[in-house]
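J.: So here's query_4.txt (compact mmCIF, C-alpha atoms).
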```
# COMPACT_ATOMS: atom_id res chain seq x y z
CA PRO A 270 -99.40 46.64 37.18
CA MET A 271 -100.72 50.10 38.07
CA GLU A 272 -101.24 51.91 41.37
CA LEU A 273 -102.12 55.26 42.85
CA ASN A 274 -98.99 57.07 43.94
CA VAL A 275 -98.33 60.03 46.25
CA TRP A 276 -94.63 59.46 46.99
CA ARG A 277 -91.42 60.56 45.31
CA ALA A 278 -87.75 59.99 46.06
CA PRO A 279 -86.98 63.08 48.19
CA THR A 280 -84.84 65.75 46.56
CA ASP A 281 -82.07 67.70 48.27
CA ASN A 282 -84.56 70.53 48.72
CA ASP A 283 -87.04 68.16 50.42
CA MET A 284 -84.64 67.65 53.34
CA TYR A 285 -86.94 69.36 55.88
CA ILE A 286 -90.40 68.56 54.52
CA ARG A 287 -89.27 64.93 54.14
CA ALA A 288 -89.62 64.40 57.91
CA GLU A 289 -93.24 65.62 57.77
CA TRP A 290 -93.94 63.39 54.77
CA LYS A 291 -92.51 60.37 56.55
CA LYS A 292 -94.54 61.13 59.67
CA ALA A 293 -97.65 61.33 57.49
CA MET A 294 -96.60 57.94 56.03
CA TYR A 295 -96.90 59.11 52.45
CA ASP A 296 -94.15 56.63 51.59
CA ARG A 297 -96.39 53.79 52.84
CA ALA A 298 -99.68 55.01 51.43
CA VAL A 299 -102.05 52.55 49.80
CA SER A 300 -105.44 52.95 48.18
CA ARG A 301 -108.50 51.28 49.62
CA ALA A 302 -111.92 50.95 48.01
CA TYR A 303 -114.91 50.96 50.38
CA VAL A 304 -117.86 50.75 47.99
CA THR A 305 -117.71 49.70 44.33
CA ASP A 306 -120.42 49.21 41.73
CA TYR A 307 -120.47 49.06 37.94
CA ILE A 308 -122.50 49.68 34.80
CA LEU A 309 -122.09 47.45 31.75
CA THR A 310 -123.43 48.52 28.34
CA ALA A 311 -122.77 47.45 24.77
CA GLU A 312 -120.23 50.30 24.43
CA TYR A 313 -118.37 50.36 27.75
CA LEU A 314 -117.84 49.09 31.28
CA GLU A 315 -117.90 51.79 33.98
CA ILE A 316 -116.60 51.07 37.50
CA HIS A 317 -117.42 53.51 40.30
CA SER A 318 -115.57 53.34 43.62
CA ARG A 319 -115.56 55.43 46.77
CA MET A 320 -111.96 55.20 47.91
CA ALA A 321 -109.32 56.62 50.19
CA MET A 322 -105.55 56.84 50.46
CA THR A 323 -104.36 55.71 53.86
CA ALA A 324 -101.58 53.95 55.75
CA VAL A 325 -101.37 51.94 58.95
CA THR A 326 -101.67 53.94 62.22
CA VAL A 327 -102.84 57.17 60.52
CA GLN A 328 -106.22 58.49 59.53
CA ARG A 329 -107.28 58.84 55.90
CA MET A 330 -105.03 61.13 53.89
CA MET A 331 -107.71 61.82 51.31
CA ASP A 332 -111.06 60.60 50.01
CA MET A 333 -111.65 59.88 46.34
CA ASP A 334 -114.74 59.38 44.25
CA THR A 335 -113.37 57.45 41.27
CA VAL A 336 -114.88 56.39 37.96
CA TRP A 337 -113.02 54.08 35.57
CA ARG A 338 -114.42 53.55 32.07
CA ILE A 339 -113.19 50.90 29.62
CA ASP A 340 -114.68 51.17 26.15
CA ASN A 341 -114.80 48.74 23.24
CA SER A 342 -111.67 50.20 21.63
CA GLY A 343 -109.64 49.32 24.74
CA GLN A 344 -109.30 52.90 25.94
CA ILE A 345 -109.27 53.29 29.71
CA SER A 346 -110.41 56.60 31.21
CA VAL A 347 -110.32 57.64 34.83
CA LYS A 348 -111.81 60.59 36.70
CA MET A 349 -111.03 61.12 40.38
CA GLU A 350 -112.67 63.72 42.59
CA VAL A 351 -110.13 64.07 45.40
CA THR A 352 -110.73 65.68 48.81
CA ARG A 353 -107.51 65.98 50.80
CA ASN A 354 -107.38 65.87 54.60
CA PRO A 355 -106.02 69.34 55.60
CA ASP A 356 -104.46 67.87 58.77
CA PHE A 357 -101.76 66.38 56.52
CA PRO A 358 -98.88 68.29 54.90
CA GLU A 359 -98.79 69.05 51.20
CA LEU A 360 -98.42 65.99 48.98
CA PRO A 361 -95.16 65.05 47.25
CA ARG A 362 -97.22 64.17 44.17
CA PHE A 363 -100.54 62.66 43.11
CA GLY A 364 -101.05 60.36 40.17
CA LEU A 365 -100.71 56.88 38.72
CA ARG A 366 -97.62 54.70 38.59
CA LEU A 367 -97.45 52.04 35.87
CA PHE A 368 -94.92 49.26 35.35
CA LEU A 369 -94.73 48.73 31.60
CA PRO A 370 -92.73 46.06 29.75
CA LYS A 371 -89.05 46.98 29.68
CA GLU A 372 -88.98 46.86 25.87
CA MET A 373 -91.34 49.85 25.81
CA ASP A 374 -88.36 52.18 25.97
CA GLN A 375 -89.24 54.98 23.53
CA VAL A 376 -91.05 58.14 24.63
CA THR A 377 -92.67 60.95 22.63
CA TYR A 378 -94.50 63.78 24.38
CA PHE A 379 -95.96 67.20 23.82
CA GLY A 380 -95.14 69.44 26.76
CA LEU A 381 -92.22 71.22 28.38
CA GLY A 382 -88.83 69.88 27.34
CA PRO A 383 -86.30 68.75 26.48
CA GLU A 384 -84.79 69.07 29.99
CA GLU A 385 -86.71 68.14 33.16
CA SER A 386 -89.36 70.58 34.34
CA TYR A 387 -91.50 71.06 37.43
CA VAL A 388 -94.17 73.58 38.37
CA ASP A 389 -91.52 75.97 39.72
CA LYS A 390 -88.60 74.79 37.59
CA CYS A 391 -89.41 75.33 33.92
CA ARG A 392 -87.82 78.59 32.73
CA ALA A 393 -85.23 76.66 30.69
CA ALA A 394 -87.88 74.56 28.94
CA SER A 395 -90.11 75.26 25.96
CA HIS A 396 -93.31 73.68 24.67
CA GLY A 397 -92.86 71.26 21.83
CA ILE A 398 -92.94 67.68 20.63
CA TYR A 399 -89.93 65.80 21.99
CA SER A 400 -88.72 62.21 21.67
CA SER A 401 -86.24 60.28 23.79
CA THR A 402 -85.36 56.87 25.10
CA VAL A 403 -86.53 56.15 28.64
CA ALA A 404 -82.94 55.82 29.85
CA ALA A 405 -82.00 59.24 28.45
CA LEU A 406 -84.79 60.93 30.43
CA HIS A 407 -82.94 60.20 33.67
CA GLU A 408 -81.07 63.18 35.19
CA ASP A 409 -77.94 61.69 36.71
CA TYR A 410 -77.59 63.57 39.99
CA LEU A 411 -74.67 62.49 42.19
CA ARG A 412 -77.12 61.68 44.98
CA PRO A 413 -80.11 59.85 43.48
CA GLN A 414 -83.44 61.64 43.92
CA GLU A 415 -86.65 62.52 42.09
CA ASN A 416 -85.77 63.67 38.58
CA GLY A 417 -86.76 63.73 34.94
CA SER A 418 -90.36 64.93 35.22
CA HIS A 419 -91.91 66.93 32.39
CA ASN A 420 -94.61 69.42 33.31
CA ASP A 421 -97.56 70.88 31.38
CA CYS A 422 -97.95 67.95 28.96
CA ASP A 423 -100.92 67.32 26.70
CA TYR A 424 -99.92 63.75 25.91
CA VAL A 425 -97.15 61.18 26.24
CA ILE A 426 -96.64 58.06 24.10
CA VAL A 427 -94.54 55.17 25.37
CA SER A 428 -93.76 52.53 22.78
CA GLY A 429 -91.77 49.45 21.88
CA ALA A 430 -91.57 47.13 18.91
CA VAL A 431 -94.92 45.49 19.70
CA ARG A 432 -96.84 47.70 22.11
CA THR A 433 -97.69 51.39 22.31
CA MET A 434 -99.58 53.31 24.97
CA LYS A 435 -100.74 56.90 24.75
CA ALA A 436 -101.79 58.89 27.82
CA TYR A 437 -103.59 62.19 27.39
CA GLY A 438 -105.58 64.40 29.69
CA ASP A 439 -108.54 66.75 29.77
CA ARG A 440 -106.05 69.24 31.20
CA PRO A 441 -102.23 69.29 31.15
CA PHE A 442 -100.45 66.83 33.42
CA SER A 443 -96.86 65.87 34.24
CA PHE A 444 -95.08 62.60 33.65
CA ASN A 445 -91.77 60.90 34.10
CA ALA A 446 -90.55 57.63 32.65
CA SER A 447 -87.56 55.88 34.17
CA VAL A 448 -85.59 52.67 34.34
CA TYR A 449 -85.45 53.18 38.14
CA THR A 450 -88.17 52.97 40.76
CA GLN A 451 -88.65 55.75 43.30
CA GLU A 452 -87.73 53.22 46.00
CA GLU A 453 -84.38 52.57 44.31
CA LEU A 454 -83.68 56.30 43.96
CA GLU A 455 -84.45 56.86 47.63
CA GLU A 456 -82.50 53.88 48.93
CA LYS A 457 -79.18 54.46 47.15
CA LYS A 458 -76.75 57.16 48.31
CA HIS A 459 -74.65 57.40 45.13
CA ASN A 460 -75.58 57.37 41.46
CA PHE A 461 -73.16 54.55 40.61
CA GLU A 462 -75.06 52.23 42.96
CA LEU A 463 -78.34 52.45 41.06
CA VAL A 464 -79.76 49.22 39.61
CA PRO A 465 -82.35 49.45 36.81
CA CYS A 466 -85.61 47.60 37.42
CA LYS A 467 -87.12 45.09 35.03
CA SER A 468 -89.83 47.48 33.85
CA THR A 469 -90.31 50.91 32.35
CA VAL A 470 -91.69 52.90 35.28
CA LEU A 471 -94.19 55.50 34.09
CA ASN A 472 -95.60 58.13 36.43
CA LEU A 473 -98.62 60.10 35.23
CA ASP A 474 -99.23 62.90 37.71
CA TYR A 475 -101.96 65.41 38.36
CA ARG A 476 -98.87 67.32 39.42
CA GLN A 477 -95.97 67.25 41.86
CA ASN A 478 -95.03 69.49 44.73
CA GLY A 479 -92.53 72.08 43.52
CA ILE A 480 -88.78 71.66 43.91
CA GLY A 481 -88.01 74.91 45.75
CA SER A 482 -84.71 75.76 47.43
CA ASN A 483 -85.29 74.70 51.02
CA SER A 484 -81.95 72.91 51.41
CA CYS A 485 -80.40 76.35 51.95
CA GLY A 486 -83.25 78.81 51.31
CA PRO A 487 -86.86 79.50 52.31
CA ARG A 488 -89.70 77.02 52.33
CA LEU A 489 -91.44 76.34 49.03
CA GLN A 490 -93.84 79.14 48.09
CA GLU A 491 -97.47 78.29 48.76
CA LYS A 492 -98.50 78.62 45.10
CA TYR A 493 -96.13 75.78 44.19
CA ARG A 494 -97.28 73.39 46.94
CA LEU A 495 -99.59 70.47 46.19
CA ALA A 496 -101.90 71.44 49.01
CA GLU A 497 -105.32 71.95 47.39
CA LYS A 498 -108.22 70.92 49.60
CA SER A 499 -109.87 69.34 46.59
CA PHE A 500 -109.03 68.71 42.94
CA THR A 501 -110.04 66.62 39.94
CA PHE A 502 -107.63 64.26 38.20
CA SER A 503 -108.69 62.81 34.86
CA LEU A 504 -106.70 60.88 32.30
CA HIS A 505 -107.14 58.62 29.27
CA LEU A 506 -104.96 55.59 28.47
CA LYS A 507 -105.01 54.23 24.93
CA PRO A 508 -103.09 50.95 24.41
CA GLU A 509 -102.31 49.73 20.91
CA HIS A 510 -100.38 46.94 19.22
CA ALA A 511 -97.91 47.88 16.51
CA ARG A 512 -99.31 47.19 13.08
CA LYS A 513 -97.50 44.67 10.91
CA ASP A 514 -97.25 45.14 7.16
CA THR A 515 -99.34 42.65 5.19
```
Mind turning the file's structure into structure tokens?
T.:
Amino acid sequence: PMELNVWRAPTDNDMYIRAEWKKAMYDRAVSRAYVTDYILTAEYLEIHSRMAMTAVTVQRMMDMDTVWRIDNSGQISVKMEVTRNPDFPELPRFGLRLFLPKEMDQVTYFGLGPEESYVDKCRAASHGIYSSTVAALHEDYLRPQENGSHNDCDYVIVSGAVRTMKAYGDRPFSFNASVYTQEELEEKKHNFELVPCKSTVLNLDYRQNGIGSNSCGPRLQEKYRLAEKSFTFSLHLKPEHARKDT
């Protein structure tokens, strides 16, 4: 399963903007396609949709012109031209959320690591190729919240004994892989209450809103807010089966 995602488990520093996000119903946002057509050739299938992100009782949060392409090798590519409604507050995040088989629990990526990094929280990180288990990517804060993202990545590979999937972008993106859903992280008040889900949860983000220091300091600086009036999100997904020796 895969879905568009604009929500994150609020951090301690989201304590004030969280009320605005809830009022905007970002936590209940769903995608809706209004017009869809397709082109089928010998090399690929291309699906074009005019879409929006919305929720009950509120107007559209954003409009999206989306093209999905599936080629003969099995690679899936997406390009979204997004126009955000400026009446809404900055977004918590924008990207795709995938629920992969739980046994896909190994991650290799080229980006900022090895610790978590965000657009305004990356001074302790360095660019490189890093590998980890999905479980080890979780930052165990006493109060569960958004964590474990890695910013400025060129690619991420999530693999298991049988399946492998590589995600790479036309421009750097951020990702996090977790044994917990964002709903679980938001619902639980203490880290010892967390219950892993039955999937590897992979978020592939255009980017996230910055972390900031608004629990006790000023509001997040404008340059770190996900508040662009329009942006382009493109990504490629390459699934593979592990090769067996013959």
J.: Have a look at CA of Trp290 (chain A) and CA of Leu360 (chain A) and let me know their distance in Å, one decimal.
T.: 7.8 Å
J.: Could you list as an NGL selection string every residue that has an atom within 12 Å of (-104.7, 68.2, 26.8), using the file's coordinates and counting only C-alpha atoms?
T.: :A and (378-380 or 421-425 or 436-443 or 503-505)
J.: Using all atoms listed in the file, which of A:Arg319, A:Lys291, A:Arg432, A:Lys498 sits nearest Tyr303 (chain A)?
T.: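 Once distances to Tyr303 (chain A) are computed over all atoms listed in the file, the minimum belongs to A:Arg319.
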J.: In the coordinates of the file, take the point (-116.1, 52.2, 22.1) and a cut-off of 12 Å; then, counting all atoms listed in the file, name each qualifying protein, DNA or RNA residue as a list in words.
T.: Thr310, Ala311, Glu312, Tyr313, Leu314, Arg338, Ile339, Asp340, Asn341, Ser342, Gly343, Gln344, Ile345, Ser346 and Lys507 of chain A
J.: Rounded to one decimal place, report the CA of Leu463 (chain A)-CA of Met373 (chain A) distance in Å.
T.: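 Atom-to-atom, CA of Leu463 (chain A) to CA of Met373 (chain A), that is 20.2 Å.
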J.: Can you work out which one of A:Val403, A:Thr326, A:Asp283, A:Leu273 has the shortest atom-to-atom distance to Pro370 (chain A), counting all atoms listed in the file?
T.: A:Val403
J.: Let me make sure I understand: among A:Leu367, A:Val325, A:Leu489, A:Ala278, which one has the smallest atom-to-atom distance to Glu453 (chain A) if we use all atoms listed in the file?
T.: A:Ala278
J.: Between CA of Ser400 (chain A) and CA of Arg366 (chain A), what is the distance, to one decimal in Å?
T.: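 The value is 20.5 Å.
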J.: Return as CSV the residues of region 345-423 of chain A lying at most 10 Å from region 471-479 of chain A, together with the closest atom-to-atom pair for each and the distance in Å to one decimal, counting all atoms listed in the file, with rows in chain order and ascending residue number.
T.:
```
residue,atom,partner,partner_atom,distance
A:Glu359,CA,A:Asn478,CA,7.5
A:Leu360,CA,A:Asn478,CA,6.5
A:Pro361,CA,A:Asn478,CA,5.1
A:Arg362,CA,A:Gln477,CA,4.0
A:Phe363,CA,A:Asp474,CA,5.6
A:Gly364,CA,A:Asp474,CA,4.0
A:Leu365,CA,A:Leu473,CA,5.2
A:Arg366,CA,A:Asn472,CA,4.5
A:Leu367,CA,A:Leu471,CA,5.1
A:Phe368,CA,A:Leu471,CA,6.4
A:Leu369,CA,A:Leu471,CA,7.2
A:Ser386,CA,A:Gly479,CA,9.8
A:Tyr387,CA,A:Gly479,CA,6.3
A:Val388,CA,A:Gly479,CA,5.6
A:Asp389,CA,A:Gly479,CA,5.5
A:Lys390,CA,A:Gly479,CA,7.6
A:Val403,CA,A:Leu471,CA,9.4
A:Ser418,CA,A:Asn472,CA,8.7
A:His419,CA,A:Arg476,CA,9.9
A:Asn420,CA,A:Arg476,CA,7.7
A:Asp421,CA,A:Arg476,CA,8.9
```
J.: What does the file look like for those residues with C-alpha atoms, as an mmCIF file, in the frame of the given file?
T.:
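The file below, result.cif, is the result:
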```
data_model
loop_
_atom_site.group_PDB
_atom_site.id
_atom_site.type_symbol
_atom_site.label_atom_id
_atom_site.label_comp_id
_atom_site.auth_asym_id
_atom_site.auth_seq_id
_atom_site.Cartn_x
_atom_site.Cartn_y
_atom_site.Cartn_z
ATOM 1 C CA GLU A 359 -98.790 69.050 51.200
ATOM 2 C CA LEU A 360 -98.420 65.990 48.980
ATOM 3 C CA PRO A 361 -95.160 65.050 47.250
ATOM 4 C CA ARG A 362 -97.220 64.170 44.170
ATOM 5 C CA PHE A 363 -100.540 62.660 43.110
ATOM 6 C CA GLY A 364 -101.050 60.360 40.170
ATOM 7 C CA LEU A 365 -100.710 56.880 38.720
ATOM 8 C CA ARG A 366 -97.620 54.700 38.590
ATOM 9 C CA LEU A 367 -97.450 52.040 35.870
ATOM 10 C CA PHE A 368 -94.920 49.260 35.350
ATOM 11 C CA LEU A 369 -94.730 48.730 31.600
ATOM 12 C CA SER A 386 -89.360 70.580 34.340
ATOM 13 C CA TYR A 387 -91.500 71.060 37.430
ATOM 14 C CA VAL A 388 -94.170 73.580 38.370
ATOM 15 C CA ASP A 389 -91.520 75.970 39.720
ATOM 16 C CA LYS A 390 -88.600 74.790 37.590
ATOM 17 C CA VAL A 403 -86.530 56.150 28.640
ATOM 18 C CA SER A 418 -90.360 64.930 35.220
ATOM 19 C CA HIS A 419 -91.910 66.930 32.390
ATOM 20 C CA ASN A 420 -94.610 69.420 33.310
ATOM 21 C CA ASP A 421 -97.560 70.880 31.380
#
```
J.: Just checking: using all atoms listed in the file, which residue out of A:Met322, A:Leu411, A:Val327, A:Ala302 ends up closest to Asn274 (chain A)?
T.: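 Under the stated criterion, the closest residue is A:Met322.
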J.: Skipping near chain neighbours, those fewer than 4 positions away, what residues fall within 7 Å of Arg353 (chain A) using only C-alpha atoms, listed as an mmCIF file with C-alpha atoms, in the coordinates of the input?
T.:
```cif
data_model
loop_
_atom_site.group_PDB
_atom_site.id
_atom_site.type_symbol
_atom_site.label_atom_id
_atom_site.label_comp_id
_atom_site.auth_asym_id
_atom_site.auth_seq_id
_atom_site.Cartn_x
_atom_site.Cartn_y
_atom_site.Cartn_z
ATOM 1 C CA MET A 330 -105.030 61.130 53.890
ATOM 2 C CA MET A 331 -107.710 61.820 51.310
ATOM 3 C CA ASP A 332 -111.060 60.600 50.010
ATOM 4 C CA LYS A 498 -108.220 70.920 49.600
ATOM 5 C CA SER A 499 -109.870 69.340 46.590
#
```
J.: Counting only C-alpha atoms, which of A:Gln490, A:Asn416, A:Gln328, A:Ser482 gets nearest to Asn282 (chain A)?
T.: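 Distance minimum relative to Asn282 (chain A) lands on A:Ser482.
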J.: Output: region 448-505 of chain A of the preceding structure, restricted to C-alpha atoms, written as a tab-separated table (two decimals), in the first residue's frame.
T.:
```tsv
chain	number	residue	atom	x	y	z
A	448	VAL	CA	8.74	0.04	12.61
A	449	TYR	CA	6.16	2.53	13.93
A	450	THR	CA	3.44	4.46	12.14
A	451	GLN	CA	3.06	8.21	12.63
A	452	GLU	CA	-0.35	7.49	14.19
A	453	GLU	CA	1.27	5.26	16.81
A	454	LEU	CA	3.93	7.87	17.59
A	455	GLU	CA	1.28	10.55	18.02
A	456	GLU	CA	-1.10	8.46	20.09
A	457	LYS	CA	1.32	7.15	22.73
A	458	LYS	CA	2.57	9.39	25.55
A	459	HIS	CA	5.60	7.32	26.59
A	460	ASN	CA	8.21	5.45	24.58
A	461	PHE	CA	7.68	2.18	26.45
A	462	GLU	CA	4.06	2.08	25.23
A	463	LEU	CA	4.97	1.95	21.54
A	464	VAL	CA	3.85	-1.11	19.56
A	465	PRO	CA	5.59	-1.89	16.25
A	466	CYS	CA	3.32	-2.27	13.24
A	467	LYS	CA	3.32	-5.26	10.92
A	468	SER	CA	5.10	-3.39	8.12
A	469	THR	CA	8.21	-1.40	7.40
A	470	VAL	CA	6.86	2.15	7.12
A	471	LEU	CA	8.82	4.13	4.53
A	472	ASN	CA	8.30	7.85	4.06
A	473	LEU	CA	9.78	9.45	0.94
A	474	ASP	CA	9.42	13.20	1.28
A	475	TYR	CA	9.86	16.20	-0.96
A	476	ARG	CA	10.85	17.60	2.41
A	477	GLN	CA	9.54	18.24	5.91
A	478	ASN	CA	8.88	21.41	7.82
A	479	GLY	CA	11.90	22.22	9.97
A	480	ILE	CA	12.14	21.24	13.63
A	481	GLY	CA	12.85	24.68	15.12
A	482	SER	CA	12.77	25.54	18.82
A	483	ASN	CA	9.24	26.84	19.31
A	484	SER	CA	8.57	24.87	22.50
A	485	CYS	CA	10.55	27.55	24.33
A	486	GLY	CA	11.93	29.80	21.58
A	487	PRO	CA	10.81	31.75	18.50
A	488	ARG	CA	8.69	30.43	15.66
A	489	LEU	CA	10.46	28.45	12.95
A	490	GLN	CA	12.36	30.70	10.55
A	491	GLU	CA	10.57	31.23	7.25
A	492	LYS	CA	13.37	29.69	5.17
A	493	TYR	CA	12.85	26.37	6.97
A	494	ARG	CA	9.05	26.27	6.58
A	495	LEU	CA	7.39	24.06	4.00
A	496	ALA	CA	5.31	26.94	2.72
A	497	GLU	CA	6.14	27.23	-0.99
A	498	LYS	CA	3.20	28.32	-3.13
A	499	SER	CA	4.22	25.75	-5.72
A	500	PHE	CA	6.83	23.02	-6.07
A	501	THR	CA	7.67	19.91	-8.08
A	502	PHE	CA	8.09	16.50	-6.47
A	503	SER	CA	9.56	13.71	-8.58
A	504	LEU	CA	10.80	10.29	-7.59
A	505	HIS	CA	11.67	6.89	-9.07
```
